[in-house]
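So this one's protein21.cif, mmCIF, C-alpha atoms:
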```cif
data_work
#
loop_
_atom_site.label_atom_id
_atom_site.label_comp_id
_atom_site.auth_asym_id
_atom_site.auth_seq_id
_atom_site.Cartn_x
_atom_site.Cartn_y
_atom_site.Cartn_z
CA MET A 243 -15.29 -98.11 34.96
CA VAL A 244 -12.96 -95.54 33.40
CA ASP A 245 -11.24 -96.34 30.11
CA VAL A 246 -7.63 -95.16 29.72
CA TRP A 247 -5.67 -95.68 26.50
CA LEU A 248 -1.95 -96.40 26.59
CA PRO A 249 0.63 -96.58 23.77
CA TYR A 250 1.66 -100.11 22.81
CA GLY A 251 4.16 -100.42 19.97
CA LYS A 252 2.71 -98.42 17.10
CA THR A 253 -0.86 -98.75 18.36
CA GLU A 254 -2.75 -98.40 21.66
CA VAL A 255 -4.40 -100.64 24.23
CA CYS A 256 -7.14 -99.77 26.72
CA VAL A 257 -7.25 -100.44 30.44
CA ARG A 258 -10.58 -100.28 32.31
CA VAL A 259 -10.05 -99.09 35.88
CA PRO A 260 -12.87 -99.01 38.46
CA ALA A 261 -13.58 -95.34 39.19
CA ARG A 262 -13.25 -95.86 42.94
CA ASN A 263 -9.69 -97.14 42.46
CA LEU A 264 -8.38 -94.60 39.97
CA LEU A 265 -6.29 -91.68 41.24
CA GLY A 266 -5.71 -90.33 37.74
CA SER A 267 -3.28 -90.33 34.86
CA ILE A 268 0.27 -89.04 35.34
CA ASP A 269 0.84 -87.28 32.05
CA PRO A 270 3.54 -84.96 30.79
CA LYS A 271 2.65 -81.28 31.00
CA GLU A 272 2.15 -81.33 27.29
CA LYS A 273 3.36 -78.60 25.00
CA ALA A 274 2.28 -78.21 21.42
CA SER A 275 4.73 -79.01 18.68
CA ALA A 276 6.45 -76.20 16.83
CA PRO A 277 4.16 -75.04 13.96
CA GLU A 278 6.88 -75.93 11.44
CA ALA A 279 9.54 -78.26 12.83
CA GLY A 280 12.04 -77.46 10.11
CA ASP A 281 11.67 -73.73 10.74
CA GLU A 282 12.24 -74.25 14.46
CA VAL A 283 15.49 -76.09 13.71
CA LYS A 284 16.57 -73.23 11.44
CA ARG A 285 15.78 -70.74 14.20
CA ALA A 286 17.95 -72.66 16.66
CA LEU A 287 20.81 -72.73 14.16
CA ARG A 288 20.50 -68.97 13.64
CA GLU A 289 20.48 -68.36 17.42
CA PRO A 290 23.08 -70.70 18.89
CA ILE A 291 23.55 -70.74 22.67
CA GLY A 292 27.07 -69.99 23.89
CA SER A 293 28.60 -70.53 20.47
CA SER A 294 29.20 -69.03 17.06
CA ARG A 295 26.93 -70.19 14.26
CA LEU A 296 27.97 -73.47 12.72
CA ALA A 297 28.43 -71.68 9.39
CA GLU A 298 31.12 -69.61 11.11
CA ILE A 299 32.82 -72.65 12.66
CA VAL A 300 33.23 -74.76 9.52
CA LYS A 301 35.43 -73.91 6.54
CA PRO A 302 34.91 -75.01 2.93
CA GLU A 303 37.60 -77.66 3.24
CA SER A 304 36.44 -78.95 6.66
CA LYS A 305 35.92 -82.66 7.19
CA VAL A 306 32.74 -82.79 9.28
CA VAL A 307 31.19 -85.62 11.27
CA ILE A 308 27.59 -85.46 12.46
CA VAL A 309 26.63 -87.91 15.19
CA VAL A 310 22.99 -89.00 15.10
CA ASP A 311 20.91 -91.37 17.22
CA ASP A 312 20.23 -94.97 16.24
CA ALA A 313 16.85 -96.68 15.85
CA THR A 314 16.26 -97.03 19.61
CA ARG A 315 15.73 -93.28 20.01
CA ALA A 316 12.94 -90.98 18.89
CA ALA A 317 15.15 -88.05 17.88
CA PRO A 318 13.74 -86.24 14.80
CA THR A 319 16.97 -86.76 12.86
CA ARG A 320 15.37 -86.56 9.40
CA ILE A 321 13.95 -83.14 10.34
CA MET A 322 17.16 -81.79 11.88
CA LEU A 323 19.65 -82.87 9.24
CA PRO A 324 18.50 -80.89 6.16
CA PRO A 325 18.74 -77.46 7.88
CA LEU A 326 22.02 -78.52 9.51
CA LEU A 327 23.52 -79.52 6.17
CA GLU A 328 22.18 -76.37 4.54
CA GLU A 329 23.81 -74.25 7.27
CA MET A 330 27.18 -75.80 6.43
CA LYS A 331 26.57 -75.53 2.69
CA THR A 332 26.30 -71.75 3.04
CA ALA A 333 29.88 -71.86 4.33
CA GLY A 334 30.99 -73.86 1.28
CA VAL A 335 31.08 -77.35 2.84
CA ASN A 336 30.37 -80.01 0.24
CA SER A 337 28.31 -83.04 1.28
CA GLU A 338 31.20 -85.25 0.15
CA ASN A 339 33.15 -83.92 3.14
CA VAL A 340 30.43 -84.88 5.62
CA THR A 341 30.08 -88.24 7.36
CA ILE A 342 27.12 -89.22 9.52
CA ILE A 343 27.89 -91.59 12.40
CA PHE A 344 25.09 -93.49 14.10
CA ALA A 345 25.74 -93.33 17.86
CA CYS A 346 25.11 -97.00 18.49
CA GLY A 347 27.02 -97.24 21.77
CA ILE A 348 26.70 -100.92 22.66
CA HIS A 349 23.63 -101.39 20.44
CA ARG A 350 23.64 -103.31 17.17
CA SER A 351 24.44 -101.57 13.90
CA VAL A 352 21.74 -99.67 12.08
CA THR A 353 20.34 -101.52 9.05
CA ALA A 354 20.19 -99.89 5.63
CA GLU A 355 16.41 -99.62 5.84
CA GLU A 356 16.59 -98.08 9.31
CA ALA A 357 19.23 -95.64 8.07
CA ARG A 358 16.97 -94.54 5.22
CA LEU A 359 14.06 -94.01 7.61
CA LEU A 360 16.17 -92.17 10.17
CA LEU A 361 17.96 -89.89 7.73
CA GLY A 362 15.33 -89.41 5.04
CA ASP A 363 15.74 -90.47 1.41
CA ASP A 364 17.63 -87.39 0.22
CA VAL A 365 20.22 -87.34 3.01
CA PHE A 366 20.60 -91.13 2.90
CA ALA A 367 21.39 -90.92 -0.81
CA SER A 368 23.73 -87.93 -0.67
CA VAL A 369 25.72 -88.24 2.57
CA LYS A 370 27.90 -91.12 3.70
CA SER A 371 26.66 -92.80 6.89
CA VAL A 372 28.23 -95.46 9.12
CA SER A 373 27.32 -97.21 12.36
CA HIS A 374 29.73 -96.84 15.26
CA ASP A 375 31.28 -100.11 16.43
CA CYS A 376 32.26 -99.99 20.09
CA ARG A 377 34.40 -103.12 19.62
CA SER A 378 36.37 -101.84 16.64
CA PRO A 379 40.15 -102.35 16.96
CA ASP A 380 40.62 -98.93 15.35
CA LEU A 381 39.52 -96.64 18.19
CA VAL A 382 41.52 -93.61 19.34
CA HIS A 383 42.50 -92.92 22.96
CA VAL A 384 41.99 -89.22 23.74
CA GLY A 385 42.55 -89.17 27.50
CA THR A 386 41.55 -90.47 30.91
CA THR A 387 38.83 -88.90 33.05
CA GLU A 388 39.25 -88.05 36.72
CA ARG A 389 37.24 -91.18 37.53
CA GLY A 390 39.62 -93.37 35.56
CA THR A 391 37.64 -93.88 32.33
CA GLN A 392 39.96 -94.47 29.39
CA VAL A 393 38.21 -92.47 26.66
CA LEU A 394 38.40 -94.47 23.42
CA LEU A 395 36.53 -92.90 20.51
CA ASN A 396 35.55 -93.60 16.92
CA ARG A 397 38.48 -92.70 14.66
CA LEU A 398 36.35 -90.92 12.06
CA PHE A 399 34.94 -88.77 14.83
CA VAL A 400 38.31 -87.91 16.35
CA GLU A 401 40.04 -87.14 13.06
CA ALA A 402 37.32 -84.84 11.73
CA ASP A 403 37.93 -81.11 11.63
CA VAL A 404 34.47 -80.33 13.01
CA ARG A 405 32.42 -82.57 15.32
CA VAL A 406 28.66 -82.05 15.59
CA LEU A 407 26.27 -83.91 17.91
CA THR A 408 22.54 -84.28 17.33
CA GLY A 409 19.82 -85.99 19.34
CA ASP A 410 16.95 -85.39 21.70
CA VAL A 411 17.06 -84.46 25.37
CA GLY A 412 14.88 -86.39 27.78
CA LEU A 413 14.96 -88.07 31.16
CA HIS A 414 17.44 -90.92 31.58
CA TYR A 415 17.42 -93.38 34.45
CA TYR A 416 21.12 -93.30 35.35
CA ALA A 417 22.68 -90.48 33.28
CA GLY A 418 20.02 -88.09 34.59
CA TYR A 419 19.10 -86.94 31.09
CA GLY A 420 19.76 -88.19 27.59
CA GLY A 421 21.15 -86.01 24.85
CA GLY A 422 24.12 -83.66 24.62
CA ARG A 423 27.31 -85.28 25.92
CA LYS A 424 25.74 -88.74 25.78
CA SER A 425 26.27 -88.81 22.00
CA VAL A 426 30.01 -89.10 22.74
CA LEU A 427 29.95 -91.44 25.74
CA PRO A 428 28.45 -93.94 25.16
CA GLY A 429 27.44 -92.98 21.58
CA VAL A 430 30.79 -93.17 19.76
CA SER A 431 32.95 -94.63 22.53
CA GLY A 432 34.72 -97.93 22.94
CA GLU A 433 33.20 -100.78 24.91
CA GLU A 434 35.72 -100.52 27.76
CA SER A 435 35.07 -96.79 28.10
CA ILE A 436 31.33 -97.37 28.29
CA LYS A 437 31.71 -100.21 30.77
CA HIS A 438 33.86 -98.17 33.13
CA ASP A 439 31.47 -95.20 33.00
CA HIS A 440 28.31 -97.26 33.40
CA ALA A 441 29.74 -99.29 36.29
CA MET A 442 29.06 -96.22 38.44
CA ILE A 443 25.32 -97.02 38.44
CA LEU A 444 25.68 -98.23 42.04
CA ASP A 445 26.19 -94.62 43.13
CA ALA A 446 23.08 -93.18 44.77
CA ASN A 447 23.23 -90.05 42.58
CA ALA A 448 23.23 -91.99 39.32
CA LYS A 449 19.50 -91.64 38.76
CA THR A 450 16.77 -90.01 36.73
CA GLY A 451 16.72 -86.23 36.66
CA VAL A 452 20.02 -85.74 38.53
CA LEU A 453 23.08 -84.11 36.93
CA LYS A 454 25.02 -82.43 39.74
CA GLY A 455 26.93 -85.04 41.70
CA ASN A 456 25.92 -87.79 39.26
CA PRO A 457 29.25 -89.53 38.52
CA ILE A 458 28.04 -91.01 35.24
CA ASN A 459 26.94 -87.63 33.91
CA GLU A 460 30.09 -85.87 35.08
CA ASP A 461 32.24 -88.58 33.50
CA MET A 462 30.33 -88.17 30.22
CA VAL A 463 30.80 -84.40 30.26
CA GLU A 464 34.54 -84.78 30.83
CA ALA A 465 34.78 -87.26 27.94
CA ALA A 466 32.90 -84.89 25.61
CA ARG A 467 35.29 -82.08 26.55
CA MET A 468 38.23 -84.33 25.68
CA ALA A 469 36.53 -85.11 22.37
CA ARG A 470 36.46 -81.39 21.56
CA VAL A 471 32.83 -81.26 20.48
CA ASP A 472 32.31 -78.17 18.31
CA PHE A 473 28.53 -77.87 18.16
CA ILE A 474 25.30 -79.63 19.09
CA LEU A 475 21.77 -79.59 17.76
CA ASN A 476 19.33 -81.18 20.19
CA ALA A 477 15.55 -81.27 20.35
CA VAL A 478 12.97 -81.64 23.08
CA LEU A 479 9.92 -83.64 22.02
CA ASN A 480 6.40 -83.95 23.37
CA SER A 481 4.79 -87.30 24.17
CA ARG A 482 3.76 -87.72 20.53
CA ASN A 483 7.43 -87.47 19.54
CA GLU A 484 6.80 -84.09 17.91
CA LEU A 485 9.49 -81.43 18.05
CA VAL A 486 8.61 -78.74 20.60
CA LYS A 487 11.83 -76.74 20.60
CA ALA A 488 15.35 -77.07 19.21
CA PHE A 489 18.57 -76.07 20.98
CA ALA A 490 21.86 -75.45 19.19
CA GLY A 491 25.34 -74.27 20.11
CA ASP A 492 27.82 -75.12 22.86
CA PHE A 493 27.40 -78.74 23.96
CA GLU A 494 27.08 -77.83 27.64
CA GLN A 495 25.16 -74.57 27.53
CA ALA A 496 22.62 -75.61 24.87
CA PHE A 497 22.07 -78.92 26.65
CA SER A 498 21.49 -77.11 29.94
CA GLU A 499 18.76 -74.98 28.38
CA ALA A 500 17.12 -78.08 26.90
CA VAL A 501 17.11 -79.76 30.33
CA LYS A 502 15.12 -76.84 31.75
CA LEU A 503 12.37 -77.44 29.20
CA VAL A 504 12.42 -81.20 29.86
CA ASP A 505 11.90 -80.55 33.56
CA GLU A 506 9.03 -78.19 32.84
CA MET A 507 7.30 -80.81 30.70
CA TYR A 508 8.16 -84.14 32.26
CA ARG A 509 8.65 -83.66 36.00
CA VAL A 510 5.08 -84.17 37.20
CA PRO A 511 4.10 -83.55 40.85
CA VAL A 512 1.87 -86.16 42.50
CA ASP A 513 0.50 -85.93 46.02
CA ARG A 514 0.77 -89.62 46.93
CA ARG A 515 2.04 -93.01 45.87
CA ALA A 516 -0.42 -95.60 44.63
CA ASP A 517 -0.73 -99.29 45.39
CA VAL A 518 -0.71 -100.06 41.65
CA VAL A 519 0.82 -98.22 38.71
CA VAL A 520 -0.15 -99.21 35.17
CA VAL A 521 2.67 -97.87 33.02
CA SER A 522 3.32 -97.89 29.29
CA ALA A 523 6.89 -97.39 28.18
CA GLY A 524 5.41 -94.93 25.69
CA GLY A 525 5.03 -97.03 22.57
CA HIS A 526 7.53 -97.36 19.72
CA PRO A 527 10.52 -96.99 19.90
CA ALA A 528 10.53 -96.87 23.72
CA ASP A 529 9.11 -100.41 23.89
CA ILE A 530 11.06 -101.90 20.99
CA ASN A 531 12.51 -104.41 23.48
CA LEU A 532 12.49 -105.07 27.22
CA TYR A 533 15.95 -103.56 27.61
CA GLN A 534 14.57 -100.17 26.49
CA ALA A 535 11.10 -100.53 28.01
CA TYR A 536 12.48 -100.98 31.53
CA LYS A 537 12.86 -97.19 31.76
CA GLY A 538 9.09 -97.00 32.25
CA VAL A 539 9.39 -99.23 35.30
CA ASP A 540 12.18 -97.13 36.74
CA ASN A 541 10.06 -93.97 36.59
CA ALA A 542 6.94 -95.77 37.83
CA LEU A 543 8.84 -96.70 41.00
CA GLU A 544 8.57 -93.04 42.01
CA ALA A 545 4.75 -93.30 42.04
CA VAL A 546 4.15 -96.68 43.66
CA LYS A 547 4.29 -97.70 47.30
CA ARG A 548 6.84 -100.17 48.56
CA GLY A 549 5.27 -103.59 48.18
CA GLY A 550 3.01 -102.30 45.41
CA VAL A 551 2.44 -103.60 41.90
CA ILE A 552 3.67 -102.26 38.55
CA VAL A 553 1.91 -103.35 35.37
CA LEU A 554 4.28 -102.72 32.44
CA VAL A 555 2.69 -102.35 29.00
CA ALA A 556 5.40 -102.84 26.35
CA GLU A 557 5.14 -104.66 23.05
CA CYS A 558 8.84 -105.71 22.88
CA PRO A 559 8.77 -106.92 19.25
CA GLU A 560 12.56 -107.45 19.42
CA GLY A 561 12.31 -109.48 22.63
CA HIS A 562 14.74 -108.81 25.47
CA GLY A 563 17.08 -106.68 23.35
CA ASN A 564 20.45 -107.42 24.93
CA HIS A 565 22.41 -110.64 25.34
CA ALA A 566 24.17 -109.65 28.58
CA PHE A 567 20.82 -108.67 30.10
CA TYR A 568 19.51 -112.13 29.20
CA ASP A 569 22.69 -113.88 30.36
CA TRP A 570 22.80 -112.23 33.79
CA MET A 571 19.11 -112.83 34.40
CA SER A 572 19.37 -116.52 33.44
CA ARG A 573 22.82 -117.26 34.91
CA LEU A 574 22.80 -115.14 38.08
CA GLY A 575 19.12 -114.57 38.57
CA ASP A 576 18.99 -112.87 41.97
CA PHE A 577 19.73 -109.34 43.07
CA LYS A 578 22.63 -109.98 45.43
CA SER A 579 24.46 -112.11 42.86
CA VAL A 580 24.03 -109.42 40.20
CA GLU A 581 25.19 -106.68 42.59
CA ARG A 582 28.32 -108.68 43.40
CA GLU A 583 28.98 -109.25 39.70
CA ILE A 584 28.73 -105.52 38.95
CA ARG A 585 31.30 -104.78 41.66
CA ARG A 586 33.54 -107.59 40.44
CA SER A 587 33.31 -107.25 36.65
CA PHE A 588 30.81 -104.85 35.12
CA VAL A 589 29.33 -105.99 31.81
CA LEU A 590 27.24 -103.73 29.62
CA GLY A 591 23.67 -104.92 29.61
CA GLY A 592 24.09 -106.64 32.94
CA HIS A 593 23.22 -103.35 34.61
CA LYS A 594 19.66 -103.72 33.35
CA ALA A 595 19.40 -107.01 35.24
CA TYR A 596 20.56 -105.10 38.33
CA TYR A 597 17.82 -102.50 37.97
CA LEU A 598 15.06 -104.99 37.21
CA LEU A 599 15.94 -107.31 40.08
CA LYS A 600 16.35 -104.37 42.44
CA ALA A 601 12.82 -103.20 41.54
CA MET A 602 11.47 -106.71 42.14
CA GLN A 603 13.01 -106.76 45.61
CA SER A 604 10.13 -104.62 46.84
CA HIS A 605 7.50 -104.68 44.07
CA SER A 606 5.58 -107.13 41.92
CA ILE A 607 5.89 -106.53 38.17
CA ILE A 608 3.36 -107.84 35.64
CA LEU A 609 4.36 -107.61 31.98
CA VAL A 610 1.90 -107.25 29.10
CA SER A 611 3.86 -107.80 25.89
CA SER A 612 4.34 -109.96 22.82
CA MET A 613 7.29 -111.76 24.44
CA PRO A 614 6.82 -115.49 24.94
CA ASP A 615 5.93 -116.31 28.55
CA TYR A 616 8.94 -118.59 28.82
CA TYR A 617 11.34 -115.65 28.57
CA ALA A 618 9.27 -113.11 30.50
CA SER A 619 8.56 -115.49 33.39
CA ASN A 620 11.42 -117.98 33.52
CA ILE A 621 14.30 -115.71 32.53
CA PHE A 622 13.18 -112.22 33.54
CA LYS A 623 11.22 -113.34 36.63
CA MET A 624 8.12 -111.26 35.92
CA LYS A 625 4.49 -112.23 36.13
CA THR A 626 2.78 -112.03 32.75
CA ALA A 627 -0.66 -111.43 31.30
CA ARG A 628 -1.72 -111.59 27.67
CA ALA A 629 -4.30 -108.82 28.06
CA LEU A 630 -3.94 -105.53 29.92
CA ASN A 631 -7.22 -105.84 31.85
CA ASP A 632 -6.22 -109.33 32.99
CA ALA A 633 -3.00 -107.80 34.32
CA LEU A 634 -4.87 -105.09 36.20
CA ASN A 635 -7.21 -107.68 37.72
CA GLU A 636 -4.19 -109.67 38.91
CA ALA A 637 -2.63 -106.50 40.31
CA LEU A 638 -5.80 -105.80 42.32
CA ASN A 639 -5.78 -109.38 43.58
CA ILE A 640 -2.26 -108.76 44.91
CA ALA A 641 -2.70 -105.22 46.24
CA GLY A 642 -6.33 -105.53 47.34
CA ARG A 643 -9.61 -104.72 45.62
CA ASN A 644 -9.58 -101.23 47.17
CA ALA A 645 -6.09 -100.48 45.92
CA LYS A 646 -5.43 -97.03 44.46
CA VAL A 647 -4.17 -96.89 40.89
CA TRP A 648 -2.12 -94.41 38.92
CA VAL A 649 -1.87 -94.75 35.13
CA MET A 650 1.27 -93.55 33.32
CA PRO A 651 0.83 -93.56 29.52
CA TYR A 652 4.36 -92.28 28.79
CA GLY A 653 6.40 -93.88 31.54
CA SER A 654 9.81 -93.69 29.88
CA TYR A 655 9.45 -89.93 29.56
CA THR A 656 7.62 -88.96 32.77
CA LEU A 657 9.14 -88.53 36.23
CA PRO A 658 6.57 -88.42 39.05
CA VAL A 659 7.70 -86.25 41.94
CA VAL A 660 5.91 -86.87 45.23
CA THR A 661 5.15 -83.49 46.80
CA SER A 662 4.00 -84.75 50.20
CA SER A 663 5.25 -87.48 52.49
CA GLY A 664 1.74 -88.10 53.73
CA GLU A 665 -0.99 -90.18 52.14
CA PRO A 666 -3.99 -87.84 51.78
CA SER A 667 -7.33 -89.62 51.93
CA GLY A 668 -9.12 -87.63 49.23
CA PRO A 669 -9.75 -89.55 45.99
CA GLU A 670 -9.06 -86.74 43.57
CA ALA A 671 -5.85 -86.44 41.59
CA ILE A 672 -3.96 -83.23 42.17
CA GLN A 673 -4.12 -80.39 39.69
CA GLU A 674 -0.86 -81.22 37.93
CA THR A 675 -2.08 -84.69 37.02
CA LYS A 676 -4.82 -85.44 34.58
CA SER A 677 -8.10 -86.80 35.92
CA VAL A 678 -9.58 -89.45 33.69
#
```

I need this file expressed as C-alpha cells, please.
Amino acid sequence: MVDVWLPYGKTEVCVRVPARNLLGSIDPKEKASAPEAGDEVKRALREPIGSSRLAEIVKPESKVVIVVDDATRAAPTRIMLPPLLEEMKTAGVNSENVTIIFACGIHRSVTAEEARLLLGDDVFASVKSVSHDCRSPDLVHVGTTERGTQVLLNRLFVEADVRVLTGDVGLHYYAGYGGGRKSVLPGVSGEESIKHDHAMILDANAKTGVLKGNPINEDMVEAARMARVDFILNAVLNSRNELVKAFAGDFEQAFSEAVKLVDEMYRVPVDRRADVVVVSAGGHPADINLYQAYKGVDNALEAVKRGGVIVLVAECPEGHGNHAFYDWMSRLGDFKSVEREIRRSFVLGGHKAYYLLKAMQSHSIILVSSMPDYYASNIFKMKTARALNDALNEALNIAGRNAKVWVMPYGSYTLPVVTSSGEPSGPEAIQETKSV
C-alpha cells in the first residue's frame, strides 16, 4: 500500500492505494514562494507591464476603487493591499478617497469577519469596504458587447476616477483562467450581464486553459475595456496558496504574463488516462462548498477514461453553495433537461448542474465530504462514502480490482494534459508527474 495525503478543508486526509494500482500523483510543477511576499508585490508595482506606475496614474484628489476577491478565492488580498495603498499614498491619495469593493459576482455578501480576515486589521479599519450586489437597482449601463451582453456595472466602480483590479490568476473551467478581466465580469457586474455571458458555456471553446476563441473570455475582456480599467495587481500562487510572483500594470498585458506562469506550473503532462482518479478540490477555500469544489472534478475528467470513476474529496462545510444549483438538480435532475433549460432560460448556478450531470453521463462520481447523504445522493446524484478509503474501495469495485489510479491533491488548480493517445503498458508515472 502507498499512502497519499490530500487536502480536505483546513486539514488533510490519507488514501491508501495498492502499489500495483497506483500510476502516481498529478501535482503542480511547484515553485517556491517569493522570499518576502510584500516585497514581491512592491517589485511588481515598481515594474508595471504595459502601463505607467499607479503612482503616476492617480492624482491627490482621485476617487479610487480597488476591486478585491471575496471569501471563495485564495487571493492574497491582505498582502497585496498595503503596498498598493502605499503606492497611491506617495502620489498624495488619502485613504478616505479609496473604496474597496468585494467582487462577489453572484455570490453572497462578505461578512464583517470575513472582510477583516481578507483585508487585514489595519486596512479593514482605515479603508471603506463594500460588497458588490449584482441585483442592485443602482447599476450603470456602460455598453453592449459584440455578443449582446448588456454590461451593467457597480455604480461606485463606474463613477470612480481610477479603477484598480486585484486577484489571483489560475485555471478556470469555463473562462479559461481566473483573474484579470474576471474581476469586472462577473465580479462587479449585474446579474443579467453575468447570465448572458455565462450562458455561452455550451460553446466547445468555453473550457479550462483556453482563451483564444473562448466566447466567455472574449466577452469578459470586452466588458473590462468598456469599464476602462486603469490598473491591475494580480498574483500567481503555488498549491499552498503562497505568493510566487505578482503582476501589475495593464489589465490585458499583465494578465497575459501571469497566464504564462500558470501554464508553466499547473498544466501537467500525463502519458495516459486512469480508470480511477482520486481528486481533492485542494482544501479550503476551494472546497468551501460543492459549487466551488466541482472544479476539481472538471479537471480530473482530463485524466480519467470514459466510463471511469472519480472520487472527489471535498469537505463542503457550507453545503451545496448555490440555490439555483440545488434547484436545477432537484427540479430537473437529468442532463438533457438541464441542457434544454440553459438554451431556453439560463440561470446563474444552474450551469453547475449542467457540468455535473454532463460528467455523470460517462463517469461515476463518489463524494467524500461532510454533506449529509440525503443532499449528496438524492439531490446531486452522486455516490457517497464517509471515509476516503471506503470510497476508493468502491471505485475499485466499479472499475475492477486491477484498475489504474491517478491521485490529484490539488484538482481545482491542476490541468492534466494527455501527451499520448495510446495507453502504454508500463506502470511507472511519467517524469512530469510525481511518483508516490

query: Using only C-alpha atoms, which residues sit within 9 Å of segment 320-337 of chain A once same-chain residues fewer than 6 positions away are excluded, as a ChimeraX atom specification?
result: /A:279-281,283-284,287-288,295-306,308,359-365,368-370,408-409,475-477,488

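For the set A:Lys252, A:Arg582, A:Lys547, A:Lys487, the residue with the smallest atom-to-atom gap to Arg515 of chain A is A:Lys547, counting all atoms listed in the file.
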
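We find atom CA of Pro651 of chain A and atom CA of Met243 of chain A to be spaced 17.6 Å apart.
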
query: Evaluating the PyMOL selection byres ((chain A and resi 612) around 6) on the displayed file yields which residues, as number ranges by chain?
result: A: 557, 611, 613

statement: Between A:Phe622, A:Leu532, A:Val553, A:Ser373, smallest distance to Gly575 of chain A by all atoms listed in the file belongs to A:Phe622

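Of the listed residues (A:Val246, A:Leu657, A:Ile621, A:Val501), A:Leu657 comes nearest to Tyr415 of chain A; the distances count all atoms listed in the file.
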
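Compared by their closest atoms to Trp648 of chain A, and using only C-alpha atoms, the residues A:Pro290, A:Gly563, A:Gly550, A:Pro318 rank with A:Gly550 nearest.
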
message: Quick check on the file I pasted: which residues fall under the PyMOL selection byres ((chain A and resi 482) around 12)? Write them as a ChimeraX atom specification.
response: /A:249,252,269-270,272-275,316-318,478-481,483-486,524-528,651-652,655

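The residues returned by the PyMOL selection byres ((chain A and resi 626-632) around 8) for this structure are Val255, Cys256, Val257, Arg258, Val555, Ile608, Leu609, Val610, Ser611, Ser612, Asp615, Ala618, Ser619, Met624, Lys625, Ala633, Leu634, Asn635 and Glu636 of chain A.
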
Padding of 3 Å on every side, edges along x, y and z, all listed atoms of segment 390-408 of chain A included: what centre and edge lengths in Å, to one decimal, does that box have, as lines of an AutoDock Vina configuration file?
```
center_x = 31.3
center_y = -87.4
center_z = 23.6
size_x = 23.5
size_y = 20.1
size_z = 29.9
```

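The shortest atom-to-atom distance to Ser606 of chain A, with only C-alpha atoms taken into account, belongs to A:Leu554 out of A:Val589, A:Val309, A:Leu554, A:Leu453.
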
task: Using atom CA of Ala496 of chain A and atom CA of Ala286 of chain A as the two end points, give the distance in Å to one decimal.
output: 9.9 Å

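In this structure, atom CA of Asn541 of chain A sits 20.6 Å away from atom CA of Leu638 of chain A.
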
field: Exercise: His349 of chain A partners within 9 Å, only C-alpha atoms, chain neighbours under 6 positions left out, as a VMD selection string
entry: chain A and resid 312 314 375 to 376 563 to 564

Write a file of the just-selected residues containing C-alpha atoms, as a short mmCIF file (atom, residue, chain, number, x, y, z; two decimals), in the frame of the given file.
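Result saved to out-v4.cif:
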```cif
data_model
loop_
_atom_site.label_atom_id
_atom_site.label_comp_id
_atom_site.auth_asym_id
_atom_site.auth_seq_id
_atom_site.Cartn_x
_atom_site.Cartn_y
_atom_site.Cartn_z
CA ASP A 312 20.23 -94.97 16.24
CA THR A 314 16.26 -97.03 19.61
CA ASP A 375 31.28 -100.11 16.43
CA CYS A 376 32.26 -99.99 20.09
CA GLY A 563 17.08 -106.68 23.35
CA ASN A 564 20.45 -107.42 24.93
#
```

Closest atom pairs, segment 262-357 of chain A residues within 6 Å of segment 641-647 of chain A, all atoms listed in the file, as CSV:
```
residue,atom,partner,partner_atom,distance
A:Asn263,CA,A:Lys646,CA,4.7
A:Leu264,CA,A:Val647,CA,4.9
A:Leu265,CA,A:Val647,CA,5.6
```

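With all atoms listed in the file as the atoms that count, the minimum distance from Val519 of chain A to the choices A:Glu506, A:Glu434, A:Glu289, A:Glu544 is reached by A:Glu544.
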
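The shell of residues at most 10 Å from segment 379-385 of chain A, with all atoms listed in the file counted and near chain neighbours (fewer than 4 positions) removed, consists of A:Asp375, A:Gly390, A:Thr391, A:Gln392, A:Val393, A:Leu394, A:Leu395, A:Asn396, A:Arg397, A:Leu398, A:Phe399, A:Val400, A:Glu401, A:Val430, A:Ser431, A:Gly432, A:Ser435, A:Glu464, A:Ala465, A:Met468, A:Ala469, A:Arg470.
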
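Taking only C-alpha atoms, the non-local environment of Tyr416 of chain A within 10 Å (same-chain residues fewer than 2 positions away omitted) comprises Leu413, His414, Gly418, Tyr419, Gly420, His440, Met442, Ile443, Leu444, Asp445, Ala446, Asn447, Ala448, Lys449, Thr450, Gly451, Val452, Leu453, Asn456, Pro457, Ile458, Asn459, Lys537 and Asp540 of chain A.
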
query: Quick one: residues within 7 Å of Ala542 of chain A, only C-alpha atoms counted, chain neighbours fewer than 4 positions away excluded, as a list in words?
result: Val519, Val521, Gly538, Val546 and Gly653 of chain A
